[in-house]
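J.: My structure is in run.cif, and what it holds is mmCIF, C-alpha atoms:
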```cif
data_coords
#
loop_
_atom_site.label_atom_id
_atom_site.label_comp_id
_atom_site.auth_asym_id
_atom_site.auth_seq_id
_atom_site.Cartn_x
_atom_site.Cartn_y
_atom_site.Cartn_z
CA MET A 1 0.59 0.34 4.68
CA SER A 2 -1.19 -1.83 2.19
CA SER A 3 1.37 -4.60 2.48
CA ARG A 4 4.10 -5.10 4.99
CA PRO A 5 7.55 -3.89 3.90
CA THR A 6 9.97 -6.71 3.10
CA LEU A 7 13.57 -6.64 4.33
CA VAL A 8 15.91 -8.29 1.82
CA VAL A 9 19.42 -8.95 3.13
CA TYR A 10 22.17 -10.69 1.18
CA PRO A 11 24.34 -12.41 2.25
CA ASN A 12 22.03 -13.28 5.10
CA GLY A 13 23.90 -15.89 7.09
CA LYS A 14 22.25 -18.74 5.18
CA ALA A 15 24.25 -18.13 2.02
CA THR A 16 27.14 -20.46 1.39
CA ASP A 17 30.37 -20.00 -0.52
CA VAL A 18 30.11 -16.20 -0.53
CA PRO A 19 33.45 -14.48 -1.21
CA LYS A 20 34.44 -12.01 1.51
CA GLN A 21 34.62 -9.13 -0.97
CA ILE A 22 30.84 -9.27 -1.57
CA PRO A 23 29.25 -6.51 0.50
CA GLN A 24 26.13 -7.17 2.51
CA LEU A 25 23.22 -5.57 0.66
CA ARG A 26 20.14 -4.51 2.61
CA PHE A 27 16.90 -3.41 0.97
CA LEU A 28 13.44 -2.63 2.26
CA ILE A 29 10.89 -3.23 -0.52
CA MET A 30 7.67 -1.30 0.09
CA ASP A 31 4.46 -0.22 -1.52
CA ALA A 32 4.01 3.54 -1.97
CA PRO A 33 3.43 5.67 1.09
CA ARG A 34 0.77 8.36 0.98
CA GLU A 35 0.96 11.77 2.61
CA SER A 36 -1.46 10.54 5.31
CA ASN A 37 0.65 7.53 6.32
CA LEU A 38 4.18 8.69 5.52
CA HIS A 39 4.96 8.89 9.25
CA VAL A 40 4.24 5.14 9.60
CA TYR A 41 6.65 4.37 6.75
CA ILE A 42 9.29 6.61 8.28
CA GLN A 43 8.98 4.69 11.57
CA GLU A 44 9.45 1.39 9.70
CA CYS A 45 12.38 2.82 7.76
CA THR A 46 14.05 4.10 10.93
CA LYS A 47 13.61 0.71 12.60
CA ASN A 48 15.36 -0.95 9.62
CA GLY A 49 18.23 1.54 9.26
CA VAL A 50 17.04 3.14 6.01
CA THR A 51 19.30 5.94 4.85
CA ASP A 52 17.88 6.30 1.33
CA ILE A 53 14.46 5.84 -0.26
CA VAL A 54 14.31 5.22 -3.99
CA ARG A 55 10.90 6.10 -5.44
CA VAL A 56 10.37 4.42 -8.82
CA CYS A 57 6.76 5.51 -9.33
CA GLU A 58 4.96 8.82 -9.60
CA PRO A 59 4.95 10.81 -6.33
CA THR A 60 2.26 9.82 -3.83
CA TYR A 61 3.69 12.05 -1.09
CA HIS A 62 5.43 15.41 -1.13
CA ASN A 63 6.58 16.01 2.45
CA ILE A 64 10.29 15.59 1.75
CA ALA A 65 11.17 17.64 4.88
CA GLU A 66 9.76 14.84 7.06
CA LEU A 67 12.12 12.36 5.37
CA LYS A 68 15.10 14.72 5.74
CA ASN A 69 14.30 15.20 9.44
CA ALA A 70 14.50 11.42 9.82
CA GLY A 71 17.91 11.37 8.09
CA ILE A 72 16.55 9.77 4.92
CA THR A 73 17.48 10.93 1.42
CA LEU A 74 14.85 10.58 -1.31
CA HIS A 75 15.92 9.61 -4.83
CA ASP A 76 13.30 9.97 -7.57
CA LEU A 77 13.94 7.33 -10.24
CA ALA A 78 10.45 6.94 -11.65
CA TYR A 79 9.83 4.97 -14.80
CA ASP A 80 6.66 3.65 -16.40
CA ASP A 81 4.93 0.68 -14.81
CA GLY A 82 5.11 -2.44 -16.94
CA THR A 83 8.35 -1.38 -18.62
CA SER A 84 12.00 -2.19 -18.07
CA PRO A 85 14.11 0.43 -16.34
CA PRO A 86 15.81 2.71 -18.89
CA ASP A 87 19.60 3.11 -18.86
CA ASN A 88 19.59 6.43 -16.99
CA ILE A 89 17.49 4.93 -14.18
CA LEU A 90 19.67 1.81 -14.03
CA ASN A 91 22.86 3.87 -13.87
CA SER A 92 21.48 6.08 -11.09
CA TRP A 93 20.25 3.02 -9.15
CA LEU A 94 23.60 1.27 -9.46
CA ASP A 95 25.41 4.46 -8.38
CA ILE A 96 23.27 4.63 -5.22
CA ILE A 97 23.92 0.96 -4.41
CA GLU A 98 27.63 1.27 -5.06
CA GLU A 99 27.89 4.39 -2.90
CA ARG A 100 25.87 2.95 -0.04
CA PHE A 101 27.20 -0.62 0.07
CA VAL A 102 30.60 -0.69 -1.66
CA VAL A 103 32.14 2.71 -0.95
CA ASP A 104 30.54 3.09 2.50
CA LYS A 105 30.38 -0.65 3.25
CA ALA A 106 31.33 -0.25 6.92
CA SER A 107 28.60 2.35 7.35
CA THR A 108 26.24 1.75 10.23
CA LEU A 109 23.80 3.98 12.00
CA PRO A 110 24.35 5.09 15.62
CA ASN A 111 22.35 2.10 16.93
CA ASP A 112 24.63 -0.34 15.02
CA ILE A 113 21.98 -1.16 12.41
CA PRO A 114 23.63 -1.51 8.99
CA SER A 115 22.52 0.94 6.33
CA THR A 116 19.50 -0.07 4.27
CA VAL A 117 18.13 1.28 0.99
CA ALA A 118 14.33 1.33 0.75
CA VAL A 119 12.77 1.11 -2.68
CA HIS A 120 9.12 1.43 -3.57
CA CYS A 121 6.76 1.45 -6.49
CA ILE A 122 2.97 1.56 -6.18
CA ALA A 123 2.39 -2.00 -4.91
CA GLY A 124 5.98 -3.04 -4.21
CA LEU A 125 5.65 -6.07 -6.48
CA GLY A 126 7.12 -5.00 -9.82
CA ARG A 127 9.54 -2.15 -10.39
CA ALA A 128 10.99 -2.13 -6.85
CA PRO A 129 11.75 -5.90 -6.70
CA VAL A 130 13.20 -5.75 -10.23
CA LEU A 131 15.73 -3.13 -9.11
CA VAL A 132 16.64 -5.20 -6.04
CA ALA A 133 17.15 -8.26 -8.27
CA ILE A 134 19.43 -6.19 -10.52
CA ALA A 135 21.46 -5.11 -7.48
CA LEU A 136 21.90 -8.76 -6.42
CA MET A 137 22.94 -9.66 -9.96
CA GLU A 138 25.37 -6.75 -10.28
CA PHE A 139 27.02 -6.69 -6.87
CA CYS A 140 26.65 -10.31 -5.70
CA ARG A 141 26.83 -11.86 -9.18
CA CYS A 142 23.59 -13.75 -8.60
CA ASP A 143 22.04 -15.55 -11.50
CA ALA A 144 18.64 -14.02 -12.39
CA ALA A 145 16.72 -17.15 -11.39
CA ILE A 146 18.40 -17.27 -7.99
CA ALA A 147 17.86 -13.55 -7.33
CA VAL A 148 14.18 -13.76 -8.34
CA LYS A 149 13.54 -16.87 -6.24
CA TYR A 150 15.22 -15.26 -3.24
CA ILE A 151 13.06 -12.13 -3.54
CA ARG A 152 9.86 -14.09 -4.23
CA ASP A 153 10.49 -16.27 -1.17
CA LEU A 154 10.47 -13.08 0.90
CA ARG A 155 7.85 -11.05 -1.02
CA ARG A 156 5.09 -13.18 -2.44
CA GLY A 157 3.80 -12.07 -5.84
CA ALA A 158 6.92 -10.10 -6.75
CA ILE A 159 8.18 -9.95 -10.34
CA ASN A 160 5.82 -10.93 -13.14
CA ARG A 161 6.66 -13.04 -16.21
CA LYS A 162 7.61 -10.07 -18.41
CA GLN A 163 9.94 -8.75 -15.69
CA LEU A 164 11.42 -12.22 -15.22
CA THR A 165 12.22 -12.39 -18.95
CA TYR A 166 13.86 -8.96 -18.74
CA LEU A 167 16.00 -10.10 -15.78
CA GLN A 168 16.97 -13.36 -17.50
CA ASP A 169 18.22 -11.32 -20.49
CA TYR A 170 19.88 -8.64 -18.33
CA LYS A 171 23.63 -8.19 -18.83
CA CYS A 172 25.62 -6.87 -15.87
CA ARG A 173 27.20 -3.51 -16.59
CA ARG A 174 29.49 -2.97 -13.63
CA GLN A 175 32.79 -4.62 -12.83
CA THR A 176 32.89 -5.59 -9.17
CA SER A 177 35.68 -7.16 -7.21
CA SER A 178 33.74 -10.41 -7.06
CA GLY A 179 33.15 -12.63 -10.01
CA ALA A 180 31.23 -15.12 -7.92
CA CYS A 181 27.62 -16.13 -8.25
CA CYS A 182 25.65 -16.16 -5.06
CA VAL A 183 24.55 -19.50 -3.68
CA ILE A 184 21.63 -19.48 -1.29
CA SER A 185 20.77 -22.48 0.81
#
```
If you took the structure in this file and wrote it as structure tokens, what would it be?

T.:
Amino acid sequence: MSSRPTLVVYPNGKATDVPKQIPQLRFLIMDAPRESNLHVYIQECTKNGVTDIVRVCEPTYHNIAELKNAGITLHDLAYDDGTSPPDNILNSWLDIIEERFVVDKASTLPNDIPSTVAVHCIAGLGRAPVLVAIALMEFCRCDAAIAVKYIRDLRRGAINRKQLTYLQDYKCRRQTSSGACCVIS
């Protein structure tokens, strides 16, 4: 692993004024595994309750059977580095998050670890954190600035200026049961 995976959990116990209908979202932001170190990533994913990995970059590993054996589903949602996610990628991402955290919100693994969605790009600093910020904005009604600050506090160097501008202009597309903005203290 080039950089340590970052667990992003919201609400995390420090959040205040969070409506009960907001599901707890759990993400593991990572850099891209390689075939030679995929087993190390799988160990980290298992430790953190990862049920799904979303790959938003070109494939750097092909041993999907190893993921399946660990009970992890791979979703390929690659889009070009330095660009904003296109609508089809956003819709697929939001479908995964809704399924994992809204529909199956009581879902836990046998060892009582809540389900987590891992997401990675090449370095784990751009595309992956952008998608996590979008999930916080969509499902927790976080303001872009709050979502970005929260992620940057956990993963230093995440989200560049161009991506920040995209997130500030982003319009939520899903209706959720909560109209609240998240407040993080």

J.: Set the distance at 7 Å and use all atoms listed in the file: which residues neighbour Ala158 (chain A) once local chain neighbours fewer than 3 positions away are removed? I'd like the list as a short mmCIF file (atom, residue, chain, number, x, y, z; two decimals) with C-alpha atoms, in the frame of the given file.

T.:
```cif
data_model
loop_
_atom_site.label_atom_id
_atom_site.label_comp_id
_atom_site.auth_asym_id
_atom_site.auth_seq_id
_atom_site.Cartn_x
_atom_site.Cartn_y
_atom_site.Cartn_z
CA LEU A 125 5.65 -6.07 -6.48
CA GLY A 126 7.12 -5.00 -9.82
CA PRO A 129 11.75 -5.90 -6.70
CA ARG A 152 9.86 -14.09 -4.23
CA ARG A 155 7.85 -11.05 -1.02
#
```

J.: Give me, please, the distance in Å between CA of Ala70 (chain A) and CA of Arg127 (chain A), quoted to one decimal.

T.: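 Separating CA of Ala70 (chain A) from CA of Arg127 (chain A) is a distance of 24.8 Å.
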
J.: Selection in question (the file shown): the PyMOL selection byres ((chain A and resi 74) around 8). Which residues does it include, as JSON, numbers by chain?

T.: {"A": [52, 53, 54, 55, 64, 67, 72, 73, 75, 76]}

J.: Could I get the residues of region 19-49 of chain A with an atom no further than 10 Å from an atom of region 89-98 of chain A, each paired with its nearest atom pair and that distance in Å to one decimal, using all atoms listed in the file, sorted by chain and residue number, as CSV?

T.:
```
residue,atom,partner,partner_atom,distance
A:Pro23,CA,A:Glu98,CA,9.7
A:Leu25,CA,A:Ile97,CA,8.3
A:Arg26,CA,A:Ile97,CA,9.7
A:Phe27,CA,A:Ile97,CA,9.9
```

J.: Would you mind telling me which residue in A:His62, A:Lys68, A:Arg34, A:Lys171 lies nearest to Cys142 (chain A) when using only C-alpha atoms?

T.: A:Lys171

J.: To one decimal place in Å, what is the distance between CA of Ser3 (chain A) and CA of Asn37 (chain A)?

T.: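 CA of Asn37 (chain A) lies at a distance of 12.7 Å from CA of Ser3 (chain A).
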
J.: Name the residues in contact with Ile122 (chain A) at a cut-off of 7 Å, using only C-alpha atoms, excluding same-chain residues fewer than 2 positions from it; report them as an mmCIF file with C-alpha atoms, in the coordinates of the input.

T.:
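Below is the file that was written, out.cif:
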```
data_model
loop_
_atom_site.group_PDB
_atom_site.id
_atom_site.type_symbol
_atom_site.label_atom_id
_atom_site.label_comp_id
_atom_site.auth_asym_id
_atom_site.auth_seq_id
_atom_site.Cartn_x
_atom_site.Cartn_y
_atom_site.Cartn_z
ATOM 1 C CA ASP A 31 4.460 -0.220 -1.520
ATOM 2 C CA ALA A 32 4.010 3.540 -1.970
ATOM 3 C CA CYS A 57 6.760 5.510 -9.330
ATOM 4 C CA HIS A 120 9.120 1.430 -3.570
ATOM 5 C CA GLY A 124 5.980 -3.040 -4.210
#
```

J.: A:Gln168, A:Ile22, A:Ala65, A:Ile113: which is nearest His39 (chain A), counting all atoms listed in the file?

T.: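 Counting all atoms listed in the file, the residue closest to His39 (chain A) is A:Ala65.
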
J.: Which residue out of A:Asp143, A:Leu154, A:Asn63, A:Cys172 has the minimum interatomic distance to Ile42 (chain A) when only C-alpha atoms are used?

T.: A:Asn63

J.: So, counting all atoms listed in the file, which residue among A:Leu77, A:Ala144, A:Ala135, A:Val103 is closest to Ile159 (chain A)?

T.: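 For Ile159 (chain A), the nearest of the candidates is A:Ala144.
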
J.: Between A:Arg156, A:Thr116, A:Phe139, A:Gln24, which residue has the minimum interatomic distance to Glu44 (chain A), considering all atoms listed in the file?

T.: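 Of A:Arg156, A:Thr116, A:Phe139, A:Gln24, the one nearest Glu44 (chain A), counting all atoms listed in the file, is A:Thr116.
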
J.: So, counting all atoms listed in the file, which residue among A:Thr60, A:Lys47, A:Arg100, A:Asn160 is closest to Glu35 (chain A)?

T.: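 Looking only at the distances to Glu35 (chain A), the closest residue turns out to be A:Thr60.
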
J.: Considering only C-alpha atoms, return as a list in words whatever protein or nucleic-acid residues lie within 9 Å of Ala147 (chain A), sequence-local ones (same chain, fewer than 4 positions apart) excluded.

T.: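 Non-adjacent residues within range: Val132, Ala133, Ile134, Leu136, Met137, Cys142, Asp143, Ile151, Arg152 and Cys182 of chain A.
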
J.: Quick one, how far is CA of Pro59 (chain A) from CA of Gly157 (chain A)?

T.: 22.9 Å
